[in-house]
Amino acid sequence: GISTNKPRIYTEGLLARLDIQPPPGSVVCPDDIGNRKPHPESLYRNCRELHCAPHEAIYIGDHLRDIEAGRRAGMYTIAAAYGYIEPGDDPQLWGANTTALRSEDLLELILGPQA
């Protein structure tokens, strides 16, 4: 699932260009909820739509507000230390359960060491 603070019109355009396969089972934008991240409302909605409990989910975020939302929701959090990181920002200080330095690190962080 995807939880974003981008309005739906921009999110849908971006997802169409990315053509992620299979497509996300849940996409929640600020248009869909009353409270933006760092409030966990969007993450709770993702979980409802994906039929899982928040404590069963992993939330990956590239901003402090993402990690705050994930922690408030009771999710395991991974700080993405790549992407939209602002100069001088330190993802290691966001309080995530762990940090991915590169997108290639996510597989091992989520599934464990692969043989």
# chains A, B, ... in the order shown; residues from 1 in each chain; ligands from 1

call {"tool": "residues_around", "arguments": {"residues": "Ser3 of chain A", "least_positions_apart": "4", "cutoff": "8 Å", "atoms": "only C-alpha atoms", "output": "ChimeraX atom specification"}}
result
/A:27-29,42-43,46

call {"tool": "write_last_selection", "arguments": {"atoms": "N, CA, C and O atoms", "output": "PDB file, in the first residue's frame"}}
result
ATOM      1  N   VAL A  27      -4.093   2.825  -1.918  1.00  0.00           N
ATOM      2  CA  VAL A  27      -3.433   4.125  -2.091  1.00  0.00           C
ATOM      3  C   VAL A  27      -4.283   5.151  -1.352  1.00  0.00           C
ATOM      4  O   VAL A  27      -5.453   5.353  -1.691  1.00  0.00           O
ATOM      5  N   VAL A  28      -3.691   5.776  -0.344  1.00  0.00           N
ATOM      6  CA  VAL A  28      -4.413   6.763   0.457  1.00  0.00           C
ATOM      7  C   VAL A  28      -3.721   8.113   0.310  1.00  0.00           C
ATOM      8  O   VAL A  28      -2.521   8.239   0.557  1.00  0.00           O
ATOM      9  N   CYS A  29      -4.512   9.097  -0.089  1.00  0.00           N
ATOM     10  CA  CYS A  29      -4.042  10.473  -0.293  1.00  0.00           C
ATOM     11  C   CYS A  29      -4.762  11.388   0.705  1.00  0.00           C
ATOM     12  O   CYS A  29      -5.772  10.988   1.291  1.00  0.00           O
ATOM     13  N   SER A  42      -4.065   7.797   7.719  1.00  0.00           N
ATOM     14  CA  SER A  42      -3.897   7.196   6.387  1.00  0.00           C
ATOM     15  C   SER A  42      -3.348   5.773   6.484  1.00  0.00           C
ATOM     16  O   SER A  42      -3.727   4.895   5.701  1.00  0.00           O
ATOM     17  N   LEU A  43      -2.483   5.525   7.455  1.00  0.00           N
ATOM     18  CA  LEU A  43      -1.917   4.187   7.620  1.00  0.00           C
ATOM     19  C   LEU A  43      -2.964   3.212   8.141  1.00  0.00           C
ATOM     20  O   LEU A  43      -2.998   2.046   7.726  1.00  0.00           O
ATOM     21  N   ASN A  46      -4.933   2.302   5.105  1.00  0.00           N
ATOM     22  CA  ASN A  46      -4.208   1.307   4.307  1.00  0.00           C
ATOM     23  C   ASN A  46      -4.410  -0.085   4.891  1.00  0.00           C
ATOM     24  O   ASN A  46      -4.692  -1.042   4.160  1.00  0.00           O
TER      25      ASN A  46
END

call {"tool": "select_by_dssp", "arguments": {"residues": "chain A", "states": "strand (DSSP E)", "output": "PyMOL selection string"}}
result
chain A and resi 2-3+27-28+58-61+76-80+98-100

call {"tool": "atom_distance", "arguments": {"atom1": "atom CA of Ala73 of chain A", "atom2": "atom CA of Ala16 of chain A"}}
result
28.3 Å

call {"tool": "closest_residue", "arguments": {"among": "A:Arg102, A:Arg17, A:His39, A:Arg8", "to": "Asp66 of chain A", "atoms": "only C-alpha atoms"}}
result
A:His39

call {"tool": "residues_around", "arguments": {"residues": "segment 48-60 of chain A", "least_positions_apart": "5", "cutoff": "8 Å", "atoms": "only C-alpha atoms", "output": "list in words"}}
result
Gly1, Gly25, Ser26, Leu43, Asp66, Ile67, Gly70, Ala73, Gly74, Met75, Tyr76, Thr77, Ile78, Ala79 and Ala80 of chain A
